[in-house]
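Undergrad: See input_28.txt below, with compact mmCIF, C-alpha atoms and all ligand atoms.
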```txt
# COMPACT_ATOMS: atom_id res chain seq x y z
CA MET I 222 0.00 0.00 0.00
CA THR I 223 1.25 3.41 -0.88
CA THR I 224 -1.26 5.34 1.26
CA GLU I 225 -1.78 5.28 5.03
CA LEU I 226 -4.71 2.99 5.67
CA ASN I 227 -6.75 5.53 7.62
CA THR I 228 -6.76 7.81 4.58
CA VAL I 229 -7.74 5.08 2.12
CA THR I 230 -11.07 5.82 0.47
CA PRO I 231 -13.28 2.93 -0.63
CA ASP I 232 -12.49 3.80 -4.24
CA ASP I 233 -8.73 3.61 -3.45
CA ALA I 234 -9.36 0.23 -1.86
CA VAL I 235 -11.05 -1.14 -4.99
CA ILE I 236 -8.27 0.21 -7.23
CA GLU I 237 -5.63 -1.32 -4.95
CA LEU I 238 -7.41 -4.68 -4.91
CA PHE I 239 -7.77 -4.83 -8.68
CA SER I 240 -4.35 -3.55 -9.77
CA PRO I 241 -1.29 -5.75 -9.87
CA PRO I 242 0.69 -6.45 -7.82
CA GLN I 243 -1.88 -7.81 -5.42
CA PRO I 244 -1.62 -6.43 -1.88
CA ALA I 245 0.10 -8.88 0.46
CA ASP I 246 -2.64 -8.30 3.03
CA PRO I 247 -5.96 -7.37 1.41
CA PHE I 248 -8.02 -7.64 4.62
CA PRO I 249 -7.63 -4.02 5.78
CA LEU I 250 -8.86 -2.98 2.31
CA TYR I 251 -11.85 -5.31 2.57
CA ASP I 252 -12.59 -3.72 5.96
CA VAL I 253 -12.62 -0.24 4.42
CA LEU I 254 -15.18 -1.44 1.87
CA MET I 255 -17.27 -3.38 4.38
CA GLU I 256 -17.41 -0.40 6.72
CA THR I 257 -18.43 1.94 3.88
CA ASP I 258 -20.95 -0.22 2.08
CA ARG I 259 -21.11 -3.98 1.66
CA VAL I 260 -22.27 -3.31 -1.91
CA TYR I 261 -19.99 -0.51 -3.10
CA ARG I 262 -19.72 0.99 -6.59
CA SER I 263 -16.25 2.21 -7.52
CA PRO I 264 -16.55 5.42 -9.55
CA SER I 265 -13.05 4.89 -10.98
CA LEU I 266 -13.43 1.30 -12.16
CA GLY I 267 -17.21 1.33 -12.66
CA LEU I 268 -17.64 -2.02 -10.95
CA TRP I 269 -19.49 -3.02 -7.80
CA ALA I 270 -17.39 -4.62 -5.07
CA VAL I 271 -19.42 -6.80 -2.71
CA THR I 272 -17.88 -7.71 0.64
CA GLY I 273 -20.89 -8.90 2.69
CA TYR I 274 -21.49 -12.65 3.00
CA ALA I 275 -25.27 -12.54 2.46
CA GLU I 276 -24.91 -10.05 -0.38
CA SER I 277 -22.18 -12.13 -2.08
CA ALA I 278 -24.23 -15.31 -1.76
CA ALA I 279 -27.21 -13.43 -3.25
CA ILE I 280 -25.24 -12.15 -6.23
CA LEU I 281 -23.88 -15.61 -7.02
CA ARG I 282 -27.46 -16.92 -7.17
CA ALA I 283 -28.98 -13.88 -8.93
CA ASN I 284 -30.03 -13.52 -12.55
CA THR I 285 -26.62 -12.77 -14.01
CA THR I 286 -24.45 -13.64 -16.95
CA ARG I 287 -20.79 -14.59 -17.09
CA ASN I 288 -20.31 -14.28 -20.77
CA GLY I 289 -23.24 -12.24 -22.10
CA PRO I 290 -21.64 -8.98 -23.11
CA ARG I 291 -18.48 -10.96 -23.86
CA ALA I 292 -16.23 -7.99 -23.76
CA ALA I 293 -17.92 -6.67 -20.59
CA SER I 294 -15.77 -4.13 -18.81
CA THR I 295 -12.83 -6.36 -17.97
CA MET I 296 -12.38 -8.02 -21.36
CA ARG I 297 -10.59 -6.55 -24.35
CA PRO I 298 -12.54 -5.72 -27.48
CA ASP I 299 -10.06 -7.81 -29.50
CA TRP I 300 -10.58 -10.89 -27.32
CA ALA I 301 -11.53 -13.05 -30.31
CA GLU I 302 -8.05 -12.64 -31.78
CA HIS I 303 -6.45 -14.23 -28.72
CA GLU I 304 -6.44 -17.99 -28.22
CA ALA I 305 -6.09 -17.57 -24.44
CA LEU I 306 -9.20 -15.39 -24.17
CA ARG I 307 -11.22 -17.42 -26.69
CA MET I 308 -10.49 -20.60 -24.74
CA TYR I 309 -11.29 -18.97 -21.42
CA LEU I 310 -14.59 -17.65 -22.77
CA ASN I 311 -15.49 -21.20 -23.87
CA ALA I 312 -14.56 -22.75 -20.52
CA LEU I 313 -17.39 -24.09 -18.35
CA ILE I 314 -16.83 -21.39 -15.75
CA THR I 315 -17.68 -18.58 -18.20
CA LEU I 316 -20.58 -20.24 -20.04
CA ASP I 317 -24.18 -19.11 -19.65
CA PRO I 318 -27.36 -21.18 -20.02
CA PRO I 319 -28.35 -23.07 -22.06
CA ASP I 320 -24.73 -24.05 -22.93
CA HIS I 321 -23.66 -23.92 -19.29
CA SER I 322 -26.41 -26.27 -18.10
CA ARG I 323 -25.76 -28.68 -21.00
CA VAL I 324 -21.98 -28.86 -20.50
CA ARG I 325 -22.20 -28.84 -16.69
CA GLY I 326 -24.79 -31.64 -16.83
CA LEU I 327 -22.36 -33.73 -18.84
CA ALA I 328 -19.45 -32.86 -16.54
CA GLY I 329 -21.57 -33.93 -13.56
CA ARG I 330 -22.16 -37.35 -15.14
CA VAL I 331 -18.40 -37.88 -15.50
CA PHE I 332 -16.96 -36.07 -12.50
CA THR I 333 -19.14 -37.83 -9.91
CA PRO I 334 -18.80 -38.05 -6.11
CA ALA I 335 -18.24 -41.81 -6.61
CA ALA I 336 -15.34 -41.10 -9.00
CA VAL I 337 -13.81 -38.79 -6.38
CA ARG I 338 -14.31 -41.33 -3.56
CA ALA I 339 -12.77 -44.09 -5.66
CA LEU I 340 -9.65 -41.98 -5.93
CA GLY I 341 -9.04 -42.12 -2.16
CA PRO I 342 -6.34 -44.85 -2.19
CA SER I 343 -4.52 -43.19 -5.10
CA ILE I 344 -4.53 -39.85 -3.30
CA GLU I 345 -3.04 -41.53 -0.23
CA ARG I 346 -0.35 -43.22 -2.34
CA LEU I 347 0.52 -40.05 -4.26
CA MET I 348 0.66 -38.04 -1.04
CA ARG I 349 3.11 -40.55 0.56
CA ARG I 350 5.30 -40.45 -2.55
CA HIS I 351 5.48 -36.66 -2.48
CA LEU I 352 6.20 -36.53 1.25
CA ASP I 353 8.97 -39.12 0.85
CA ASP I 354 10.50 -36.97 -1.89
CA MET I 355 10.33 -33.96 0.41
CA VAL I 356 12.07 -35.80 3.23
CA GLU I 357 14.98 -36.45 0.87
CA LEU I 358 15.10 -32.87 -0.38
CA ALA I 359 14.95 -31.48 3.16
CA GLN I 360 17.88 -33.53 4.45
CA GLY I 361 20.58 -31.61 6.32
CA GLY I 362 18.33 -28.58 6.76
CA ALA I 363 18.35 -27.69 3.05
CA PRO I 364 15.61 -25.22 2.11
CA VAL I 365 12.90 -26.75 -0.05
CA ASP I 366 10.44 -24.91 -2.25
CA LEU I 367 7.06 -26.11 -1.02
CA ILE I 368 5.35 -25.06 -4.24
CA THR I 369 7.43 -27.03 -6.74
CA SER I 370 8.02 -30.01 -4.45
CA LEU I 371 4.53 -30.54 -3.00
CA ALA I 372 1.79 -27.93 -3.29
CA SER I 373 1.66 -28.12 -7.10
CA PRO I 374 2.91 -31.58 -8.09
CA PHE I 375 0.62 -33.37 -5.64
CA PRO I 376 -2.69 -31.92 -6.97
CA VAL I 377 -1.34 -32.18 -10.53
CA ALA I 378 -0.63 -35.88 -9.97
CA VAL I 379 -4.11 -36.41 -8.48
CA ILE I 380 -6.09 -34.76 -11.29
CA SER I 381 -3.81 -36.37 -13.89
CA GLU I 382 -4.51 -39.79 -12.42
CA MET I 383 -8.22 -39.06 -12.20
CA LEU I 384 -8.53 -37.95 -15.82
CA GLY I 385 -5.94 -40.29 -17.27
CA VAL I 386 -3.34 -37.68 -18.25
CA PRO I 387 0.20 -39.14 -18.04
CA ASP I 388 1.79 -37.75 -14.86
CA GLU I 389 5.00 -36.55 -16.53
CA ASP I 390 2.88 -34.45 -18.89
CA GLY I 391 0.93 -33.15 -15.91
CA MET I 392 3.71 -31.24 -14.19
CA HIS I 393 4.83 -29.66 -17.45
CA PHE I 394 1.28 -28.40 -17.89
CA TYR I 395 1.29 -26.87 -14.42
CA HIS I 396 3.63 -24.17 -15.73
CA VAL I 397 1.71 -23.87 -18.98
CA ALA I 398 -1.59 -23.54 -17.10
CA ASN I 399 -0.16 -20.79 -14.89
CA ASN I 400 0.64 -18.79 -17.99
CA TRP I 401 -2.91 -19.26 -19.26
CA SER I 402 -4.74 -18.53 -15.99
CA ARG I 403 -2.90 -15.24 -15.59
CA VAL I 404 -5.29 -13.66 -18.08
CA TRP I 405 -8.51 -15.09 -16.62
CA ALA I 406 -9.23 -11.98 -14.59
CA GLY I 407 -9.48 -9.94 -17.77
CA GLY I 408 -7.72 -6.67 -18.26
CA TYR I 409 -5.14 -6.84 -15.47
CA TYR I 410 -2.15 -8.20 -17.35
CA SER I 411 0.57 -7.02 -19.70
CA GLU I 412 0.79 -7.62 -23.44
CA GLU I 413 3.72 -9.91 -22.73
CA ASP I 414 1.54 -11.94 -20.34
CA LEU I 415 -1.10 -12.21 -23.05
CA THR I 416 1.43 -13.42 -25.63
CA ARG I 417 2.61 -16.09 -23.20
CA ALA I 418 -1.00 -16.98 -22.36
CA ASP I 419 -1.88 -17.36 -26.05
CA ALA I 420 1.02 -19.77 -26.54
CA ALA I 421 0.00 -21.68 -23.41
CA ALA I 422 -3.65 -21.96 -24.46
CA LEU I 423 -2.62 -23.19 -27.90
CA GLU I 424 -0.37 -25.82 -26.36
CA LEU I 425 -3.18 -27.01 -24.05
CA ARG I 426 -5.63 -27.13 -26.94
CA GLU I 427 -3.29 -29.17 -29.13
CA TYR I 428 -2.45 -31.54 -26.28
CA PHE I 429 -6.07 -32.20 -25.29
CA ASP I 430 -7.25 -32.41 -28.93
CA GLY I 431 -4.60 -35.09 -29.42
CA ILE I 432 -5.26 -37.10 -26.27
CA LEU I 433 -9.06 -36.97 -26.74
CA ASP I 434 -8.75 -38.13 -30.35
CA GLU I 435 -6.61 -40.94 -29.15
CA ARG I 436 -9.23 -41.95 -26.54
CA ARG I 437 -11.95 -41.74 -29.21
CA ARG I 438 -10.01 -44.27 -31.30
CA SER I 439 -8.94 -46.52 -28.42
CA PRO I 440 -10.91 -45.93 -25.21
CA ARG I 441 -9.33 -46.79 -21.86
CA GLU I 442 -10.61 -47.13 -18.30
CA ASP I 443 -10.22 -43.45 -17.52
CA LEU I 444 -12.28 -40.31 -17.15
CA LEU I 445 -11.07 -38.81 -20.42
CA SER I 446 -12.48 -41.84 -22.26
CA THR I 447 -15.79 -41.48 -20.36
CA LEU I 448 -15.81 -37.79 -21.20
CA VAL I 449 -15.36 -38.51 -24.92
CA ARG I 450 -18.08 -41.19 -24.91
CA GLU I 451 -20.59 -39.18 -22.86
CA GLY I 452 -19.70 -36.01 -24.74
CA ASP I 453 -20.40 -37.67 -28.09
CA ASN I 454 -23.68 -39.13 -26.72
CA ALA I 455 -24.74 -35.72 -25.43
CA ARG I 456 -23.79 -34.12 -28.76
CA LEU I 457 -21.07 -31.94 -27.37
CA SER I 458 -18.91 -30.69 -30.22
CA PRO I 459 -15.26 -31.86 -30.15
CA GLU I 460 -14.41 -28.23 -29.31
CA GLU I 461 -16.73 -28.31 -26.28
CA THR I 462 -15.32 -31.63 -25.08
CA MET I 463 -11.77 -30.31 -25.47
CA SER I 464 -12.67 -27.13 -23.53
CA LEU I 465 -14.27 -29.13 -20.74
CA ALA I 466 -11.38 -31.59 -20.40
CA THR I 467 -8.82 -28.78 -20.40
CA PHE I 468 -10.73 -26.77 -17.83
CA LEU I 469 -11.30 -29.73 -15.50
CA PHE I 470 -7.61 -30.47 -15.66
CA VAL I 471 -6.45 -26.90 -14.96
CA ALA I 472 -9.14 -26.20 -12.34
CA GLY I 473 -8.08 -29.46 -10.69
CA PHE I 474 -4.74 -28.09 -9.52
CA GLU I 475 -4.49 -24.29 -9.87
CA THR I 476 -6.61 -23.67 -6.80
CA THR I 477 -5.71 -26.68 -4.67
CA THR I 478 -2.08 -25.60 -4.93
CA SER I 479 -3.14 -22.31 -3.33
CA LEU I 480 -5.17 -24.02 -0.62
CA ILE I 481 -2.06 -25.98 0.38
CA SER I 482 0.36 -23.04 0.31
CA ALA I 483 -1.93 -20.34 1.75
CA GLY I 484 -3.27 -22.89 4.25
CA LEU I 485 0.20 -23.70 5.49
CA ILE I 486 1.00 -19.99 5.88
CA SER I 487 -2.18 -19.56 7.96
CA LEU I 488 -1.09 -22.45 10.20
CA LEU I 489 2.44 -21.11 10.62
CA ASP I 490 0.97 -17.74 11.61
CA HIS I 491 -1.10 -19.54 14.28
CA PRO I 492 1.26 -22.04 15.92
CA ASP I 493 -1.32 -23.01 18.56
CA GLN I 494 -3.69 -24.16 15.82
CA LEU I 495 -0.90 -25.96 13.98
CA GLU I 496 -0.03 -27.84 17.18
CA LEU I 497 -3.69 -28.61 17.77
CA TRP I 498 -3.96 -30.29 14.35
CA ARG I 499 -0.65 -32.12 14.88
CA ARG I 500 -1.94 -33.51 18.18
CA ASP I 501 -5.48 -34.26 17.13
CA ALA I 502 -6.18 -35.38 13.56
CA SER I 503 -9.88 -35.64 14.35
CA VAL I 504 -10.20 -31.87 13.76
CA THR I 505 -9.35 -32.41 10.07
CA PRO I 506 -12.86 -31.89 8.56
CA THR I 507 -13.45 -28.53 10.29
CA ALA I 508 -9.77 -27.57 9.94
CA VAL I 509 -9.89 -27.84 6.14
CA GLU I 510 -13.08 -25.73 6.01
CA GLU I 511 -11.46 -23.17 8.28
CA LEU I 512 -8.38 -22.86 6.04
CA LEU I 513 -10.69 -22.35 3.06
CA ARG I 514 -12.60 -19.66 4.95
CA PHE I 515 -9.70 -17.88 6.59
CA ASN I 516 -7.35 -17.63 3.61
CA THR I 517 -9.69 -18.17 0.66
CA PRO I 518 -7.78 -19.43 -2.42
CA ILE I 519 -10.01 -17.78 -5.08
CA THR I 520 -10.70 -14.34 -3.72
CA ALA I 521 -13.32 -13.09 -6.18
CA ALA I 522 -16.11 -14.15 -8.54
CA SER I 523 -17.55 -11.72 -11.08
CA ARG I 524 -20.95 -11.50 -12.73
CA VAL I 525 -22.79 -9.09 -15.01
CA MET I 526 -26.38 -8.29 -13.94
CA LYS I 527 -29.10 -9.26 -16.40
CA GLU I 528 -31.71 -7.10 -14.70
CA ASP I 529 -31.87 -4.31 -12.14
CA THR I 530 -31.34 -6.08 -8.83
CA ALA I 531 -31.80 -4.96 -5.23
CA LEU I 532 -28.73 -5.86 -3.23
CA GLY I 533 -28.32 -4.66 0.35
CA ASP I 534 -29.71 -1.14 0.22
CA GLN I 535 -28.61 -0.59 -3.38
CA ILE I 536 -30.13 -1.21 -6.78
CA VAL I 537 -27.51 -2.62 -9.12
CA PRO I 538 -28.54 -1.81 -12.69
CA ALA I 539 -28.68 -4.36 -15.50
CA GLY I 540 -25.43 -4.57 -17.45
CA ASN I 541 -23.26 -3.62 -14.45
CA LEU I 542 -20.26 -5.69 -13.45
CA VAL I 543 -20.39 -7.02 -9.88
CA VAL I 544 -17.50 -8.72 -8.10
CA ALA I 545 -18.28 -10.86 -5.07
CA LEU I 546 -15.15 -10.68 -2.91
CA LEU I 547 -15.33 -14.22 -1.55
CA ALA I 548 -12.31 -13.79 0.74
CA ALA I 549 -13.94 -10.74 2.35
CA ALA I 550 -17.35 -12.41 2.64
CA ASN I 551 -15.69 -15.33 4.41
CA ARG I 552 -14.60 -12.91 7.12
CA ASP I 553 -17.92 -11.10 7.46
CA PRO I 554 -18.58 -10.61 11.21
CA ARG I 555 -22.33 -10.86 10.54
CA GLN I 556 -21.75 -14.44 9.44
CA PHE I 557 -18.77 -15.68 11.46
CA THR I 558 -17.93 -15.01 15.10
CA ASP I 559 -14.58 -13.27 15.50
CA PRO I 560 -13.83 -13.90 11.82
CA GLY I 561 -10.18 -12.80 11.94
CA ARG I 562 -9.37 -15.68 14.31
CA LEU I 563 -8.22 -19.00 12.85
CA ASP I 564 -10.14 -21.65 14.76
CA LEU I 565 -9.72 -25.14 13.36
CA THR I 566 -12.69 -26.40 15.38
CA ARG I 567 -15.08 -23.74 14.04
CA SER I 568 -18.35 -25.13 12.73
CA GLU I 569 -20.47 -22.16 11.73
CA GLY I 570 -21.82 -23.32 8.41
CA ALA I 571 -20.74 -23.02 4.83
CA ASN I 572 -18.19 -20.51 3.64
CA LEU I 573 -18.10 -19.18 0.07
CA ALA I 574 -14.65 -20.49 -0.94
CA PHE I 575 -16.26 -22.72 -3.57
CA SER I 576 -18.72 -19.98 -4.64
CA ALA I 577 -22.48 -20.68 -4.82
CA GLY I 578 -25.29 -20.87 -7.36
CA PRO I 579 -25.04 -22.27 -10.88
CA HIS I 580 -21.22 -22.00 -11.09
CA PHE I 581 -20.63 -23.63 -7.69
CA CYS I 582 -17.26 -25.43 -7.82
CA MET I 583 -17.48 -28.99 -9.12
CA GLY I 584 -14.24 -30.06 -7.47
CA GLY I 585 -14.82 -29.01 -3.86
CA ASN I 586 -14.95 -32.58 -2.59
CA LEU I 587 -11.79 -33.52 -4.43
CA ALA I 588 -9.93 -30.50 -3.04
CA ARG I 589 -11.22 -31.24 0.47
CA LEU I 590 -10.12 -34.86 0.20
CA GLU I 591 -6.64 -33.89 -0.96
CA ALA I 592 -6.20 -31.39 1.87
CA SER I 593 -7.62 -33.82 4.45
CA VAL I 594 -5.15 -36.49 3.44
CA LEU I 595 -2.17 -34.18 3.06
CA PHE I 596 -2.18 -31.79 6.04
CA PRO I 597 -2.29 -34.30 8.92
CA ALA I 598 0.38 -36.48 7.27
CA PHE I 599 2.58 -33.46 6.55
CA LEU I 600 2.33 -32.23 10.14
CA GLU I 601 3.08 -35.70 11.44
CA ARG I 602 6.06 -36.19 9.14
CA PHE I 603 7.77 -32.86 9.84
CA SER I 604 8.34 -31.88 13.45
CA SER I 605 9.29 -28.32 12.54
CA ILE I 606 8.44 -26.11 9.58
CA GLU I 607 10.14 -22.79 9.11
CA VAL I 608 9.73 -20.32 6.26
CA VAL I 609 13.00 -18.92 4.93
CA GLY I 610 13.17 -15.58 3.17
CA THR I 611 10.08 -13.85 1.87
CA PRO I 612 7.64 -16.06 -0.02
CA THR I 613 6.74 -14.82 -3.51
CA ARG I 614 3.02 -14.42 -3.99
CA ARG I 615 1.25 -15.21 -7.25
CA ASP I 616 0.22 -11.99 -8.83
CA ALA I 617 -2.74 -13.11 -10.95
CA ILE I 618 -5.73 -11.14 -9.68
CA GLY I 619 -8.14 -13.32 -7.75
CA LEU I 620 -5.66 -16.12 -6.99
CA ASN I 621 -4.43 -16.16 -3.42
CA GLY I 622 -1.38 -18.37 -3.44
CA TYR I 623 2.37 -18.46 -3.81
CA GLU I 624 4.82 -18.76 -6.65
CA GLU I 625 7.66 -19.74 -4.35
CA LEU I 626 7.65 -20.68 -0.67
CA GLN I 627 10.99 -21.86 0.72
CA VAL I 628 10.82 -23.88 3.94
CA VAL I 629 13.26 -25.68 6.17
CA LEU I 630 11.75 -28.89 7.49
CA GLY I 631 12.76 -30.86 10.56
CA THR I 632 12.06 -34.59 10.63
C1 LIG N 1 -9.25 -25.43 -2.99
C2 LIG N 1 -9.54 -25.73 -4.22
C3 LIG N 1 -10.58 -25.07 -5.06
C4 LIG N 1 -11.18 -23.84 -4.90
C5 LIG N 1 -10.95 -22.81 -3.81
C6 LIG N 1 -12.11 -23.68 -6.00
C7 LIG N 1 -12.90 -22.58 -6.18
C8 LIG N 1 -13.83 -22.42 -7.20
C9 LIG N 1 -14.69 -21.29 -7.35
C10 LIG N 1 -14.71 -20.07 -6.43
C11 LIG N 1 -15.46 -21.51 -8.46
C12 LIG N 1 -16.57 -20.65 -9.00
C13 LIG N 1 -16.17 -19.29 -9.49
C14 LIG N 1 -17.39 -18.47 -9.80
O1 LIG N 1 -18.45 -18.64 -9.19
O2 LIG N 1 -17.28 -17.59 -10.68
C15 LIG N 1 -15.05 -22.79 -9.01
C16 LIG N 1 -15.59 -23.35 -10.14
C17 LIG N 1 -15.19 -24.55 -10.64
N1 LIG N 1 -14.28 -25.43 -10.08
FE1 LIG N 1 -13.24 -25.16 -8.40
N2 LIG N 1 -12.05 -24.79 -6.79
C18 LIG N 1 -11.14 -25.66 -6.24
C19 LIG N 1 -10.80 -26.91 -6.72
C20 LIG N 1 -11.34 -27.49 -7.82
C21 LIG N 1 -11.00 -28.80 -8.29
C22 LIG N 1 -10.02 -29.78 -7.60
C23 LIG N 1 -11.70 -29.01 -9.42
C24 LIG N 1 -11.66 -30.28 -10.21
C25 LIG N 1 -11.64 -30.42 -11.43
C26 LIG N 1 -12.52 -27.82 -9.66
C27 LIG N 1 -13.40 -27.64 -10.70
C28 LIG N 1 -14.19 -26.53 -10.89
C29 LIG N 1 -15.08 -26.37 -12.02
C30 LIG N 1 -15.28 -27.36 -13.15
C31 LIG N 1 -15.70 -25.13 -11.86
C32 LIG N 1 -16.70 -24.46 -12.82
C33 LIG N 1 -18.10 -24.77 -12.44
C34 LIG N 1 -19.09 -24.00 -13.30
O3 LIG N 1 -18.78 -22.92 -13.80
O4 LIG N 1 -20.20 -24.51 -13.47
N3 LIG N 1 -12.26 -26.93 -8.66
N4 LIG N 1 -14.08 -23.33 -8.22
```
Would you give me this structure, written as structure tokens?
Ligand code: HEM
TA:
Amino acid sequence: MTTELNTVTPDDAVIELFSPPQPADPFPLYDVLMETDRVYRSPSLGLWAVTGYAESAAILRANTTRNGPRAASTMRPDWAEHEALRMYLNALITLDPPDHSRVRGLAGRVFTPAAVRALGPSIERLMRRHLDDMVELAQGGAPVDLITSLASPFPVAVISEMLGVPDEDGMHFYHVANNWSRVWAGGYYSEEDLTRADAAALELREYFDGILDERRRSPREDLLSTLVREGDNARLSPEETMSLATFLFVAGFETTTSLISAGLISLLDHPDQLELWRRDASVTPTAVEELLRFNTPITAASRVMKEDTALGDQIVPAGNLVVALLAAANRDPRQFTDPGRLDLTRSEGANLAFSAGPHFCMGGNLARLEASVLFPAFLERFSSIEVVGTPTRRDAIGLNGYEELQVVLGT
């Protein structure tokens, strides 16, 4: 922050939140907005920033569009000339009905709770393998980058196994996917970022076109084969099936990586809670929810209103861009008692980390399962965890995670 916090206007706060680099600690800015108006229109950016829990939940369920005016406010008028933006605007997360309901219906038939449950033993095995690798890397007190050794390769390995993407391809695509996802929060990136994102999107498209064609010719016992079969039955175009497969793959690790890294930072900032989890693994279900609430991995979800809508004491006009600040809503004192306190035993009902309404996250149970398996085992395996240097945050707007997080681990 360049300005003293007590002189920050709500408009300054919105500008600060939506301009790279992301503030290391956005919560004081959320407070400024929440204290001014839980549904606040920024005159400078022309968007509505929503910080209240009830108001955010309402917007996510309201009559809105993701993609309607495709170039709405945050998108560039020349979006159609960019592979990265074209592919993002065809991804499930930006579709509107009827396409959204059709593609999501198909995704729900493939990406089922049973398919996630069946993955349990594989998740356990992959987690052990990654922890064993970390023990080796950490020998003699050598610093280890938590992101490249665990927080990203573990979820990449899980979603790769689930879909049937060869694991060695998976980690390569972690870096490619990062380049693509940088431009998802439209408008807040450089031309260089966009060039890299276009190349990344093209690479993903070619890879998934190839692997899906291969599964069409010779199906296997994997989710990609099911996706091709069900997609053809449901008359999805090959383009739609490719978009869905690519998005499931990327969504499967981008965010879980942040849950692991931001979650660990929250625990290290609250050693009493870390020790509690180390001592008592039975807190795991509420602990994972609390990490999602306290340090929400996806901080914002945007919508464009389709009709004039009453929200709080405001009327948001049709065509306006509204951003539900999920990370702020998850610390709304009207919803959570003493929300700035990390309490791994908290059980105060659902948080908004996985959004709500028609675009509600399809992978919440997978992410929860991964975190539930990983955190207790990690805390048991390493008797001390110390951050060295200053972690580098990811600077894509809306993603709360780390690029690099060096730790020294004691065994
Ligand atoms: C901690 C991990 C995760 C977090 C915090 C997270 C968060 C979110 C959020 C906030 C949305 C909705 C955004 C909006 O409303 O605009 C979303 C959508 C989605 N997520 Fe996740 N996600 C996580 C993990 C996963 C995983 C593991 C998958 C598995 C493939 C996944 C698949 C999806 C899909 C397919 C959608 C789009 C749903 C739709 O638009 O209908 N997510 N996620």
Undergrad: Separation of atom N1 of ligand LIG 1 (chain N) and atom CA of Asp354 of chain I, in Å?
TA: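 Distance between the two atoms: 28.5 Å.
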Undergrad: Report, in Å with one decimal, the straight-line distance from atom C7 of ligand LIG 1 (chain N) to atom CA of Thr476 of chain I.
TA: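 The value is 6.4 Å.
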Undergrad: I want to know what sits within 12 Å of Thr447 of chain I, based on only C-alpha atoms, with residues of the same chain fewer than 4 positions away left out; could you give that as a list in words?
TA: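 My list of contacting residues is Leu327, Ala328, Gly329, Arg330, Val331, Phe332, Thr333, Ala336, Met383, Leu384, Gly385, Leu433, Arg436, Arg437, Ser439, Pro440, Arg441, Glu442, Asp443, Glu451, Gly452, Asp453, Asn454, Ala455, Thr462 and Ala466 of chain I.
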Undergrad: Box along x, y and z, 4 Å on every side, all listed atoms of segment 257-272 of chain I inside: centre and edge lengths in Å to one decimal, as lines of an AutoDock Vina configuration file.
TA:
```
center_x = -17.7
center_y = -1.1
center_z = -4.4
size_x = 17.2
size_y = 21.1
size_z = 24.5
```
Undergrad: Return the single residue from I:Glu424, I:Asp320, I:Glu601, I:Glu276 that is closest to ligand LIG 1 (chain N), with distances computed using only C-alpha atoms and all ligand atoms.
TA: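 Once distances to ligand LIG 1 (chain N) are computed over only C-alpha atoms and all ligand atoms, the minimum belongs to I:Asp320.
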Undergrad: Around ligand LIG 1 (chain N), out to 7 Å and counting all atoms listed in the file, which residues are there? I want them as a ChimeraX atom specification.
TA: /I:281,313-315,321,325,468-470,472-474,476-477,479-480,513,517-519,522-523,574-577,579-585,587-588
Undergrad: Write out as a ChimeraX atom specification each polymer residue whose atoms come within 8 Å of segment 609-622 of chain I, counting all atoms listed in the file; drop sequence neighbours fewer than 6 positions from it.
TA: /I:239-243,245,364,402-404,406,409,476,478-480,482-483,516-521,628-629
Undergrad: How close does segment 274-387 of chain I get to segment 547-570 of chain I? List, as CSV, each residue of segment 274-387 of chain I within 8 Å, its nearest atom pair and the distance in Å to one decimal, counting only C-alpha atoms.
TA:
```
residue,atom,partner,partner_atom,distance
I:Tyr274,CA,I:Ala550,CA,4.2
I:Ala275,CA,I:Ala550,CA,7.9
I:Ser277,CA,I:Ala550,CA,6.8
```
Undergrad: Which residue out of I:Leu268, I:Met255, I:Leu600, I:Ile368 has the minimum interatomic distance to Pro538 of chain I when all atoms listed in the file are used?
TA: I:Leu268
Undergrad: So which residues are close to (-0.4, -35.4, -17.8), meaning at most 12 Å away in the file's coordinates with all atoms listed in the file counted, and can you show them as an MDAnalysis selection string?
TA: chainID I and resid 374 376:395 397:398 425 428:429 432 445 466:467 470:471 474
Undergrad: Between atom CA of Pro597 of chain I and atom CA of Asp366 of chain I, what distance in Å does the model show, to one decimal?
TA: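 Answer for the atom CA of Pro597 of chain I to atom CA of Asp366 of chain I separation: 19.4 Å.
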Undergrad: Would you please work out which residue, of I:Glu412, I:Asp232, I:Glu435, I:Asp490, is nearest to Phe515 of chain I when using all atoms listed in the file?
TA: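 So, comparing all the options, the nearest one is I:Asp490.
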Undergrad: Residues near Met355 of chain I, anyone? I mean within 12 Å using all atoms listed in the file, not counting same-chain ones fewer than 4 positions away, as a list in words.
TA: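 Counting only the stated atoms, we get Met348, Arg349, Arg350, His351, Ala359, Gln360, Gly362, Ala363, Pro364, Val365, Asp366, Leu367, Ile368, Thr369, Ser370, Leu371, Ala372, Pro374, Phe375, Phe599, Arg602, Phe603, Val628, Val629, Leu630, Gly631 and Thr632 of chain I.
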Undergrad: Check the smallest atom-to-atom distance from each of I:Leu626, I:Leu489, I:Val337, I:Ala545 to Gly273 of chain I using all atoms listed in the file, then report the winner.
TA: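 That would be I:Ala545, the residue with the smallest distance to Gly273 of chain I.
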Undergrad: Quick one: everything within 7 Å of Arg287 of chain I, counting all atoms listed in the file, minus sequence neighbours fewer than 6 positions away in the same chain. Send it as a list in words.
TA: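 Listed by chain and then number, they are Thr315, Leu316, Asp317, Arg524 and Val525 of chain I.
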Undergrad: Give as JSON, numbers by chain each residue that has an atom at most 8 Å from (-17.3, -6.4, -3.8) in the file, counting only C-alpha atoms.
TA: {"I": [254, 259, 260, 261, 269, 270, 271, 272, 273, 277, 543, 544, 545, 546]}
